$ cat data-v4.cif   # mmCIF, C-alpha atoms
data_protein
loop_
_atom_site.label_atom_id
_atom_site.label_comp_id
_atom_site.auth_asym_id
_atom_site.auth_seq_id
_atom_site.Cartn_x
_atom_site.Cartn_y
_atom_site.Cartn_z
CA MET C 1 -2.67 -22.78 11.79
CA SER C 2 0.39 -21.37 10.04
CA LEU C 3 1.09 -17.64 10.02
CA ILE C 4 1.58 -18.01 6.26
CA ARG C 5 1.21 -20.93 3.90
CA PRO C 6 1.84 -21.77 0.22
CA PHE C 7 -1.08 -21.89 -2.19
CA ARG C 8 -2.04 -22.78 -5.74
CA GLY C 9 -1.62 -19.43 -7.42
CA LEU C 10 -3.72 -18.35 -10.39
CA ARG C 11 -1.26 -16.74 -12.79
CA PRO C 12 -0.95 -15.55 -16.38
CA ALA C 13 -0.18 -18.40 -18.78
CA ALA C 14 3.30 -18.47 -20.28
CA GLY C 15 3.82 -15.39 -22.43
CA ARG C 16 0.65 -13.64 -21.22
CA ALA C 17 1.96 -11.56 -18.29
CA ASP C 18 2.45 -8.49 -20.50
CA ASP C 19 -1.20 -8.73 -21.55
CA VAL C 20 -2.45 -9.07 -17.98
CA VAL C 21 -0.29 -6.94 -15.66
CA ALA C 22 -2.03 -3.85 -14.31
CA PRO C 23 -1.58 -1.20 -11.61
CA PRO C 24 -3.32 -1.73 -8.26
CA TYR C 25 -7.05 -1.03 -8.42
CA ASP C 26 -6.84 1.88 -5.98
CA VAL C 27 -4.22 4.03 -7.71
CA LEU C 28 -6.31 4.82 -10.81
CA ASN C 29 -9.70 6.43 -11.21
CA THR C 30 -12.21 5.02 -13.67
CA GLU C 31 -11.20 7.19 -16.60
CA GLU C 32 -7.50 6.54 -16.08
CA ALA C 33 -8.23 2.80 -15.93
CA ARG C 34 -10.32 3.00 -19.10
CA ALA C 35 -7.44 4.70 -20.93
CA ARG C 36 -4.86 2.20 -19.62
CA ALA C 37 -6.99 -0.77 -20.70
CA GLN C 38 -7.73 0.58 -24.18
CA GLY C 39 -6.78 -2.06 -26.75
CA ARG C 40 -5.81 -4.52 -24.00
CA PRO C 41 -8.70 -6.99 -23.65
CA TYR C 42 -6.83 -9.10 -21.09
CA SER C 43 -5.63 -6.28 -18.85
CA PHE C 44 -6.43 -7.12 -15.25
CA LEU C 45 -8.14 -3.74 -15.05
CA HIS C 46 -11.15 -5.46 -16.64
CA ILE C 47 -11.35 -7.43 -13.38
CA SER C 48 -10.19 -4.90 -10.81
CA LYS C 49 -11.99 -1.88 -12.39
CA PRO C 50 -14.79 -3.57 -14.37
CA GLU C 51 -16.89 -0.41 -14.59
CA ILE C 52 -14.64 0.44 -17.58
CA ASP C 53 -16.64 -2.14 -19.57
CA LEU C 54 -20.00 -0.60 -18.67
CA PRO C 55 -21.57 2.68 -19.83
CA LYS C 56 -19.85 5.86 -18.71
CA GLY C 57 -21.35 7.17 -15.51
CA THR C 58 -21.99 3.71 -14.06
CA ASP C 59 -21.64 3.74 -10.28
CA PRO C 60 -18.41 1.76 -9.63
CA TYR C 61 -20.09 0.19 -6.59
CA ALA C 62 -23.23 -0.95 -8.41
CA PRO C 63 -24.05 -4.70 -8.34
CA GLU C 64 -23.60 -4.98 -12.10
CA VAL C 65 -19.98 -3.83 -11.74
CA TYR C 66 -19.05 -6.74 -9.49
CA GLU C 67 -20.95 -9.11 -11.79
CA LYS C 68 -19.03 -7.77 -14.78
CA GLY C 69 -15.77 -8.34 -12.92
CA ARG C 70 -16.82 -11.94 -12.25
CA GLU C 71 -17.67 -12.46 -15.94
CA ASN C 72 -14.32 -11.02 -17.05
CA PHE C 73 -12.44 -13.13 -14.53
CA GLN C 74 -14.14 -16.35 -15.60
CA ARG C 75 -13.59 -15.52 -19.28
CA MET C 76 -9.86 -15.12 -18.76
CA ILE C 77 -9.72 -18.46 -16.92
CA GLU C 78 -11.83 -20.25 -19.54
CA GLU C 79 -9.71 -18.86 -22.38
CA GLY C 80 -6.53 -20.05 -20.68
CA VAL C 81 -5.12 -16.56 -20.12
CA LEU C 82 -5.04 -17.25 -16.37
CA VAL C 83 -3.94 -20.71 -15.23
CA ARG C 84 -3.85 -22.23 -11.75
CA ASP C 85 -0.77 -24.04 -10.49
CA GLU C 86 -1.22 -27.75 -9.80
CA ALA C 87 0.41 -27.73 -6.35
CA PRO C 88 0.80 -25.16 -3.55
CA CYS C 89 3.85 -22.94 -3.98
CA TYR C 90 5.44 -19.80 -2.70
CA TYR C 91 6.44 -17.15 -5.24
CA PHE C 92 9.44 -14.84 -4.92
CA TYR C 93 8.48 -11.42 -6.30
CA ARG C 94 11.09 -8.79 -7.15
CA LEU C 95 10.29 -5.14 -7.80
CA VAL C 96 12.83 -2.89 -9.50
CA MET C 97 12.22 0.87 -9.74
CA GLY C 98 15.24 2.79 -10.92
CA GLU C 99 18.09 1.87 -8.58
CA HIS C 100 15.79 0.45 -5.90
CA VAL C 101 15.35 -3.34 -5.69
CA GLN C 102 13.22 -5.30 -3.23
CA THR C 103 12.46 -9.01 -3.21
CA GLY C 104 9.49 -10.40 -1.33
CA LEU C 105 7.42 -13.53 -1.13
CA VAL C 106 3.86 -14.06 -2.39
CA VAL C 107 2.03 -16.04 0.30
CA VAL C 108 -1.37 -16.32 1.87
CA GLY C 109 -1.53 -14.96 5.42
CA SER C 110 -3.66 -16.30 8.25
CA VAL C 111 -6.93 -14.48 8.90
CA ALA C 112 -6.86 -15.84 12.46
CA ASP C 113 -3.47 -14.21 13.02
CA TYR C 114 -4.79 -10.98 11.50
CA ASP C 115 -7.76 -11.11 13.87
CA SER C 116 -5.49 -11.71 16.87
CA ASN C 117 -3.13 -8.89 15.80
CA ARG C 118 -0.17 -11.16 15.12
CA ILE C 119 -0.43 -9.62 11.66
CA ARG C 120 -0.31 -6.07 12.97
CA LYS C 121 -2.16 -3.01 11.74
CA HIS C 122 -1.40 0.69 11.94
CA GLU C 123 -4.36 2.36 10.19
CA PHE C 124 -8.09 2.75 10.65
CA THR C 125 -10.31 1.47 7.84
CA ARG C 126 -13.46 2.92 6.31
CA PRO C 127 -16.56 0.70 6.22
CA ASP C 128 -17.47 1.74 2.66
CA LYS C 129 -14.05 0.71 1.34
CA GLU C 130 -14.22 -2.56 3.25
CA ASP C 131 -17.68 -3.20 1.79
CA ASP C 132 -16.32 -2.73 -1.73
CA ARG C 133 -13.55 -5.30 -1.22
CA VAL C 134 -15.95 -7.77 0.43
CA ARG C 135 -18.27 -7.59 -2.58
CA GLN C 136 -15.35 -7.98 -4.97
CA ILE C 137 -13.96 -11.05 -3.16
CA ASP C 138 -17.40 -12.66 -2.98
CA ALA C 139 -18.16 -11.95 -6.64
CA LEU C 140 -14.89 -13.45 -7.88
CA ASN C 141 -14.59 -16.09 -5.17
CA ALA C 142 -10.97 -14.99 -5.14
CA GLN C 143 -8.56 -12.44 -3.73
CA THR C 144 -6.81 -10.57 -6.52
CA GLY C 145 -5.34 -7.53 -4.77
CA PRO C 146 -2.44 -8.56 -2.53
CA VAL C 147 -1.92 -7.06 0.90
CA PHE C 148 1.54 -5.50 1.25
CA LEU C 149 3.21 -6.96 4.37
CA THR C 150 6.64 -6.60 5.95
CA TYR C 151 8.68 -8.57 8.46
CA ARG C 152 11.91 -8.13 10.38
CA HIS C 153 14.40 -9.52 7.92
CA SER C 154 15.64 -13.08 8.24
CA ASP C 155 18.96 -14.52 7.05
CA VAL C 156 17.21 -17.85 6.41
CA ILE C 157 14.64 -16.31 4.06
CA ASP C 158 17.35 -14.17 2.40
CA ALA C 159 19.38 -17.30 1.64
CA ILE C 160 16.44 -19.11 0.03
CA ALA C 161 15.57 -15.98 -1.94
CA SER C 162 19.13 -15.73 -3.26
CA LYS C 163 19.12 -19.38 -4.30
CA VAL C 164 15.73 -19.35 -6.02
CA THR C 165 16.19 -16.00 -7.78
CA ALA C 166 19.54 -17.09 -9.20
CA GLY C 167 17.58 -19.20 -11.67
CA ALA C 168 15.56 -18.11 -14.68
CA PRO C 169 12.37 -16.25 -13.66
CA ASP C 170 8.92 -17.56 -14.49
CA VAL C 171 7.64 -14.03 -15.16
CA ASP C 172 9.62 -10.94 -16.11
CA VAL C 173 7.55 -7.95 -17.16
CA THR C 174 8.05 -4.20 -17.14
CA ALA C 175 4.84 -2.28 -16.57
CA ASP C 176 3.99 0.98 -18.30
CA ASP C 177 5.32 2.96 -15.32
CA ASP C 178 8.76 1.39 -15.96
CA VAL C 179 8.65 -0.72 -12.78
CA ARG C 180 9.99 -4.21 -13.45
CA HIS C 181 8.08 -7.13 -11.90
CA THR C 182 9.84 -10.52 -11.77
CA ILE C 183 8.48 -13.73 -10.27
CA TRP C 184 10.11 -17.07 -9.48
CA VAL C 185 7.99 -20.05 -8.46
CA CYS C 186 9.30 -21.71 -5.28
CA SER C 187 8.08 -25.31 -5.43
CA ASP C 188 10.83 -27.22 -3.62
CA ALA C 189 9.24 -29.00 -0.65
CA GLY C 190 12.24 -28.41 1.62
CA ASP C 191 12.32 -24.69 0.85
CA ILE C 192 8.56 -24.42 1.36
CA ASP C 193 8.78 -26.08 4.77
CA THR C 194 11.72 -23.93 5.84
CA ILE C 195 9.95 -20.73 4.79
CA THR C 196 6.77 -21.75 6.61
CA ASP C 197 8.62 -22.73 9.77
CA THR C 198 10.73 -19.56 9.77
CA PHE C 199 7.67 -17.35 9.58
CA ASN C 200 5.85 -19.44 12.20
CA ALA C 201 8.71 -18.71 14.59
CA MET C 202 8.24 -14.94 14.17
CA GLU C 203 6.37 -13.05 16.86
CA CYS C 204 4.50 -11.01 14.27
CA ILE C 205 4.51 -9.47 10.81
CA TYR C 206 3.12 -6.08 9.76
CA ILE C 207 0.70 -4.61 7.26
CA ALA C 208 2.47 -1.91 5.26
CA ASP C 209 -0.39 -1.22 2.84
CA GLY C 210 -3.71 -2.96 2.25
CA HIS C 211 -5.66 -2.50 5.48
CA HIS C 212 -9.00 -2.54 3.64
CA ARG C 213 -8.13 -5.71 1.70
CA SER C 214 -7.10 -7.56 4.86
CA ALA C 215 -10.13 -6.35 6.81
CA ALA C 216 -12.39 -7.46 3.95
CA ALA C 217 -10.74 -10.89 3.88
CA SER C 218 -11.43 -11.23 7.60
CA ARG C 219 -15.09 -10.37 7.09
CA VAL C 220 -15.45 -12.84 4.22
CA ALA C 221 -13.80 -15.57 6.30
CA ALA C 222 -16.13 -14.92 9.25
CA ALA C 223 -19.22 -15.08 7.02
CA ARG C 224 -18.10 -18.27 5.29
CA LYS C 225 -17.15 -19.90 8.58
CA ALA C 226 -20.60 -19.13 9.95
CA ALA C 227 -22.23 -20.62 6.85
CA ASN C 228 -20.07 -23.77 6.82
CA PRO C 229 -21.11 -26.46 9.36
CA ASP C 230 -18.01 -28.45 8.39
CA HIS C 231 -15.56 -25.60 8.92
CA THR C 232 -12.07 -26.84 9.82
CA GLY C 233 -9.92 -23.70 9.63
CA THR C 234 -7.89 -25.04 6.71
CA GLU C 235 -10.21 -23.73 3.97
CA ASP C 236 -8.79 -21.20 1.52
CA TYR C 237 -11.05 -18.46 2.84
CA ASN C 238 -9.10 -18.58 6.13
CA TYR C 239 -6.09 -17.01 4.38
CA PHE C 240 -5.59 -13.84 2.38
CA LEU C 241 -3.33 -13.01 -0.58
CA SER C 242 -0.21 -11.13 0.48
CA VAL C 243 3.28 -10.16 -0.59
CA VAL C 244 5.65 -9.95 2.36
CA PHE C 245 8.96 -8.06 2.09
CA PRO C 246 11.88 -7.82 4.52
CA ASP C 247 11.89 -4.52 6.38
CA ASN C 248 15.44 -3.65 5.29
CA GLN C 249 14.42 -3.60 1.61
CA MET C 250 11.27 -1.50 1.93
CA GLN C 251 11.15 2.03 0.52
CA ILE C 252 8.93 4.64 2.15
CA LEU C 253 8.82 8.03 0.44
CA ASP C 254 7.79 11.31 2.00
CA TYR C 255 4.08 12.14 2.10
CA ASN C 256 3.78 15.90 1.82
CA ARG C 257 1.01 18.37 2.65
CA VAL C 258 -0.57 21.35 0.87
CA VAL C 259 -3.13 23.72 2.41
CA THR C 260 -5.53 26.05 0.65
CA ASP C 261 -5.24 29.14 2.89
CA LEU C 262 -3.51 30.63 5.94
CA ASN C 263 -6.60 30.50 8.17
CA GLY C 264 -7.19 34.23 7.90
CA LEU C 265 -3.63 35.20 8.83
CA SER C 266 -1.39 37.52 6.85
CA GLU C 267 1.87 36.04 5.63
CA ALA C 268 3.81 37.93 8.30
CA ALA C 269 1.44 36.88 11.07
CA PHE C 270 1.54 33.29 9.91
CA LEU C 271 5.36 33.21 9.90
CA GLY C 272 5.34 34.76 13.37
CA GLU C 273 3.09 31.98 14.65
CA VAL C 274 5.26 29.30 13.02
CA LYS C 275 8.35 30.68 14.78
CA SER C 276 6.79 29.96 18.16
CA ALA C 277 7.34 26.21 17.60
CA PHE C 278 9.97 26.05 14.86
CA GLU C 279 13.29 27.59 13.99
CA VAL C 280 12.60 29.14 10.57
CA THR C 281 15.36 29.71 8.02
CA GLU C 282 14.77 31.05 4.50
CA SER C 283 16.34 28.86 1.79
CA ALA C 284 17.47 29.74 -1.71
CA ASN C 285 16.75 26.15 -2.81
CA PRO C 286 13.80 23.77 -2.44
CA VAL C 287 13.93 22.09 0.96
CA LYS C 288 13.91 18.30 1.02
CA PRO C 289 14.34 17.41 4.70
CA GLN C 290 17.45 15.35 5.43
CA ALA C 291 16.52 14.18 8.94
CA ALA C 292 13.57 13.62 11.20
CA ALA C 293 12.02 16.72 12.83
CA GLU C 294 13.00 18.87 9.82
CA PHE C 295 10.43 20.25 7.39
CA GLY C 296 10.36 22.31 4.22
CA MET C 297 7.76 25.03 3.73
CA TYR C 298 6.92 26.74 0.44
CA LEU C 299 5.05 30.03 0.82
CA ASN C 300 4.59 32.88 -1.66
CA GLY C 301 7.41 31.72 -3.94
CA LYS C 302 9.92 31.16 -1.14
CA TRP C 303 11.24 28.02 0.55
CA TYR C 304 11.90 27.86 4.27
CA LYS C 305 13.55 25.20 6.41
CA LEU C 306 11.65 24.49 9.62
CA SER C 307 13.28 22.74 12.58
CA ILE C 308 10.95 21.92 15.44
CA ARG C 309 12.10 22.96 18.90
CA PRO C 310 13.49 19.81 20.59
CA GLU C 311 11.44 20.24 23.76
CA LEU C 312 8.27 19.79 21.68
CA ILE C 313 9.24 16.24 20.64
CA PRO C 314 7.64 13.69 23.03
CA ASP C 315 9.96 11.02 24.43
CA ASP C 316 7.60 8.11 24.94
CA ASP C 317 4.76 8.33 22.41
CA PRO C 318 5.46 6.50 19.10
CA VAL C 319 2.60 8.31 17.32
CA ALA C 320 3.21 11.83 18.65
CA ARG C 321 6.92 11.54 17.73
CA LEU C 322 6.17 10.99 14.04
CA ASP C 323 7.01 13.93 11.81
CA VAL C 324 3.47 13.95 10.43
CA SER C 325 2.22 14.32 14.03
CA LEU C 326 4.77 17.00 14.96
CA LEU C 327 3.70 19.09 11.98
CA ALA C 328 0.01 18.52 12.67
CA ASP C 329 0.17 19.15 16.41
CA ASN C 330 2.37 22.23 16.27
CA LEU C 331 1.35 23.95 13.03
CA ILE C 332 -1.44 22.51 10.92
CA ASP C 333 -3.93 22.22 13.78
CA PRO C 334 -3.11 25.17 16.11
CA ILE C 335 -2.13 27.69 13.42
CA LEU C 336 -4.01 26.63 10.28
CA GLY C 337 -7.04 25.32 12.16
CA ILE C 338 -7.16 21.87 10.55
CA SER C 339 -7.92 19.36 13.31
CA ASP C 340 -9.34 16.54 11.17
CA PRO C 341 -7.13 16.07 8.10
CA ARG C 342 -9.13 12.98 7.17
CA ARG C 343 -12.19 15.08 6.35
CA ASP C 344 -11.07 18.73 6.10
CA LYS C 345 -11.16 19.81 2.43
CA ARG C 346 -8.60 22.57 3.07
CA ILE C 347 -5.72 20.09 3.16
CA ASP C 348 -4.44 17.70 0.51
CA PHE C 349 -1.59 15.20 0.38
CA VAL C 350 1.11 14.75 -2.26
CA GLY C 351 3.17 11.56 -2.48
CA GLY C 352 6.90 12.16 -2.57
CA ILE C 353 7.25 10.40 -5.90
CA ARG C 354 5.81 13.57 -7.47
CA GLY C 355 8.72 15.63 -6.17
CA LEU C 356 9.01 19.11 -4.71
CA LYS C 357 8.13 20.66 -8.08
CA GLU C 358 4.57 19.43 -7.57
CA LEU C 359 4.38 21.31 -4.26
CA GLU C 360 5.61 24.46 -5.96
CA ARG C 361 3.13 24.00 -8.80
CA ARG C 362 0.16 23.63 -6.46
CA VAL C 363 1.07 26.83 -4.59
CA ASN C 364 2.18 28.87 -7.61
CA SER C 365 -1.11 28.11 -9.37
CA GLY C 366 -3.05 29.75 -6.56
CA GLU C 367 -4.84 26.49 -5.77
CA MET C 368 -2.94 26.22 -2.48
CA ALA C 369 -1.42 28.84 -0.17
CA VAL C 370 1.33 26.84 1.50
CA ALA C 371 3.07 23.48 1.11
CA PHE C 372 5.10 21.37 3.50
CA SER C 373 7.73 18.76 2.63
CA LEU C 374 8.43 16.04 5.20
CA TYR C 375 11.09 13.48 6.00
CA PRO C 376 9.79 9.95 5.29
CA THR C 377 8.39 7.83 8.09
CA SER C 378 10.77 4.95 8.80
CA MET C 379 9.96 1.24 8.94
CA ASP C 380 11.05 1.18 12.58
CA GLN C 381 8.56 3.94 13.37
CA LEU C 382 5.77 2.07 11.58
CA MET C 383 6.53 -1.13 13.50
CA ASP C 384 6.81 0.74 16.82
CA VAL C 385 3.32 2.19 16.30
CA ALA C 386 1.88 -1.19 15.34
CA ASP C 387 3.61 -2.91 18.29
CA ALA C 388 2.07 -0.36 20.65
CA GLY C 389 -1.39 -1.11 19.22
CA GLU C 390 -1.68 2.49 18.06
CA VAL C 391 -2.84 4.03 14.78
CA MET C 392 -0.81 6.32 12.55
CA PRO C 393 -2.23 9.65 11.37
CA PRO C 394 -3.74 9.74 7.87
CA LYS C 395 -1.29 9.74 4.96
CA SER C 396 1.79 8.89 7.02
CA THR C 397 3.44 6.51 4.54
CA TRP C 398 3.86 6.35 0.79
CA PHE C 399 5.33 3.05 -0.35
CA GLU C 400 7.08 2.73 -3.70
CA PRO C 401 7.20 0.77 -5.87
CA LYS C 402 3.63 -0.50 -5.94
CA LEU C 403 2.64 -4.13 -6.38
CA ALA C 404 1.01 -5.11 -9.65
CA ASP C 405 -2.42 -6.71 -9.94
CA GLY C 406 -2.94 -9.88 -11.93
CA LEU C 407 0.41 -11.63 -11.54
CA VAL C 408 -0.75 -14.00 -8.78
CA SER C 409 -4.32 -14.41 -7.47
CA HIS C 410 -5.77 -16.63 -4.74
CA LEU C 411 -8.89 -18.67 -5.45
CA LEU C 412 -11.12 -19.47 -2.46
CA ASP C 413 -12.37 -22.92 -3.46
#
$ encode --input "data-v4.cif" --output "structure tokens"
Amino acid sequence: MSLIRPFRGLRPAAGRADDVVAPPYDVLNTEEARARAQGRPYSFLHISKPEIDLPKGTDPYAPEVYEKGRENFQRMIEEGVLVRDEAPCYYFYRLVMGEHVQTGLVVVGSVADYDSNRIRKHEFTRPDKEDDRVRQIDALNAQTGPVFLTYRHSDVIDAIASKVTAGAPDVDVTADDDVRHTIWVCSDAGDIDTITDTFNAMECIYIADGHHRSAAASRVAAARKAANPDHTGTEDYNYFLSVVFPDNQMQILDYNRVVTDLNGLSEAAFLGEVKSAFEVTESANPVKPQAAAEFGMYLNGKWYKLSIRPELIPDDDPVARLDVSLLADNLIDPILGISDPRRDKRIDFVGGIRGLKELERRVNSGEMAVAFSLYPTSMDQLMDVADAGEVMPPKSTWFEPKLADGLVSHLLD
């Protein structure tokens, strides 16, 4: 089986991408999705967040929600808004956000290689979130939310990307968050074979975002394999919808922390405790760390630069060396008493796209007592953790820009 393979994508008909394109299902709550889809009957949110078409207060995990998503999906196919390509293709997908540009490839990835960890993971998943994606895939008989993958960049793939994207795009749409999404269909048989062979020669590729979607695809594949006496391994359910980007084009932003209180300490006592592990310098300006092992801290209207003492940085542990781990292990856990950031309600997380002003706002409002700005996790660090078979702490990476839903889907028949 191939690590990746081309597929017959289900895509918006010519001229319909603007009607269809939508943010990923997991970045909006129900009310935000309802507002975004207002007056847009073909927005993909009617498929990815179908509770917006049911009475307010409907449980988004109720059976009727998945059924409504299936109805909406079939309606858009029957009305010709979504059309399936006649032959298997790859699709080059370019994201442009401000000055940042990244060009990836829409593919389907092998469930078998996911199961064997050739498609490598770095996060735990939650069963309830997996269950939701399993129900959605089964209801639609399709995968509509792509998994965000990355690979160590390849000159061969770069050359094909440059050639294909030099032509006119098949889709060029700017979403309402001003991110531009451009797609080129790659249908040349020679290019398809070269892409497939190049990826097959790779030792592994990595999940950047989408651990629940990939885990759900694996569960669906296992169930369908068990129910199919004629299973061959080539069926569509053995592969999952993905967009794979070269590692040297990926953009990870900082993922910052805010905490509600100082764990019973006075401000002076808290600062004294922090100084046991960090060099602390007051700053007249907001602190956006410029290197690993540096942190900003906003407390009582003042910014501080924190530099962890070098002897506290482990040499040989790819997880413990992460900045999110250094902050947790030397401050958030021992001083603020938060040992389980996954469940502790005293801590919250703020994606770097919101900026340092958001950290100041959360503290100045009285909602939070202290905020921490971090240096972004690097792609090398992510891959080192995955290669070691380890798991990153919660909220270690914030990828921007986000993939859109609705531009290419993968039917499982």
$ closest_residue --input "data-v4.cif" --among "C:Pro318, C:Lys129, C:Ile77, C:Glu235" --to "Met383 in chain C" --atoms "only C-alpha atoms"
C:Pro318
$ closest_residue --input "data-v4.cif" --among "C:Asp170, C:Asp316, C:Asp261, C:Asp348" --to "Arg16 in chain C" --atoms "all atoms listed in the file"
C:Asp170
$ closest_residue --input "data-v4.cif" --among "C:Leu241, C:Ala216, C:Leu253, C:Leu382" --to "Gly351 in chain C" --atoms "only C-alpha atoms"
C:Leu253
$ resolve_selection --input "data-v4.cif" --expression "the PyMOL selection byres ((chain C and resi 361) around 12)" --output "VMD selection string"
chain C and resid 258 298 to 301 350 354 to 360 362 to 371
$ atom_distance --input "data-v4.cif" --atom1 "CA of Gly264 in chain C" --atom2 "CA of Asp340 in chain C"
18.1 Å
$ closest_residue --input "data-v4.cif" --among "C:Tyr90, C:Trp303, C:Tyr25, C:Phe399" --to "Ala284 in chain C" --atoms "all atoms listed in the file"
C:Trp303
$ residues_near_point --input "data-v4.cif" --point "(6.4, 26.8, 17.6)" --cutoff "9 Å" --atoms "all atoms listed in the file" --output "VMD selection string"
chain C and resid 273 to 279 308 to 309 312 330 to 331
$ resolve_selection --input "data-v4.cif" --expression "the PyMOL selection byres ((chain C and resi 11) around 9)" --output "list in words"
Gly9, Leu10, Pro12, Ala13, Ala14, Ala17, Val81, Leu82, Val83, Arg84, Asp85, Gly406, Leu407, Val408 and Ser409 of chain C
$ residues_near_point --input "data-v4.cif" --point "(11.9, -21.2, 10.9)" --cutoff "12 Å" --atoms "only C-alpha atoms" --output "MDAnalysis selection string"
chainID C and resid 2:4 154:157 160 190:203
$ resolve_selection --input "data-v4.cif" --expression "the PyMOL selection byres ((chain C and resi 105) around 10)" --output "NGL selection string"
:C and (90-94 or 103-104 or 106-108 or 149-150 or 157 or 161 or 183-186 or 195 or 242-246)
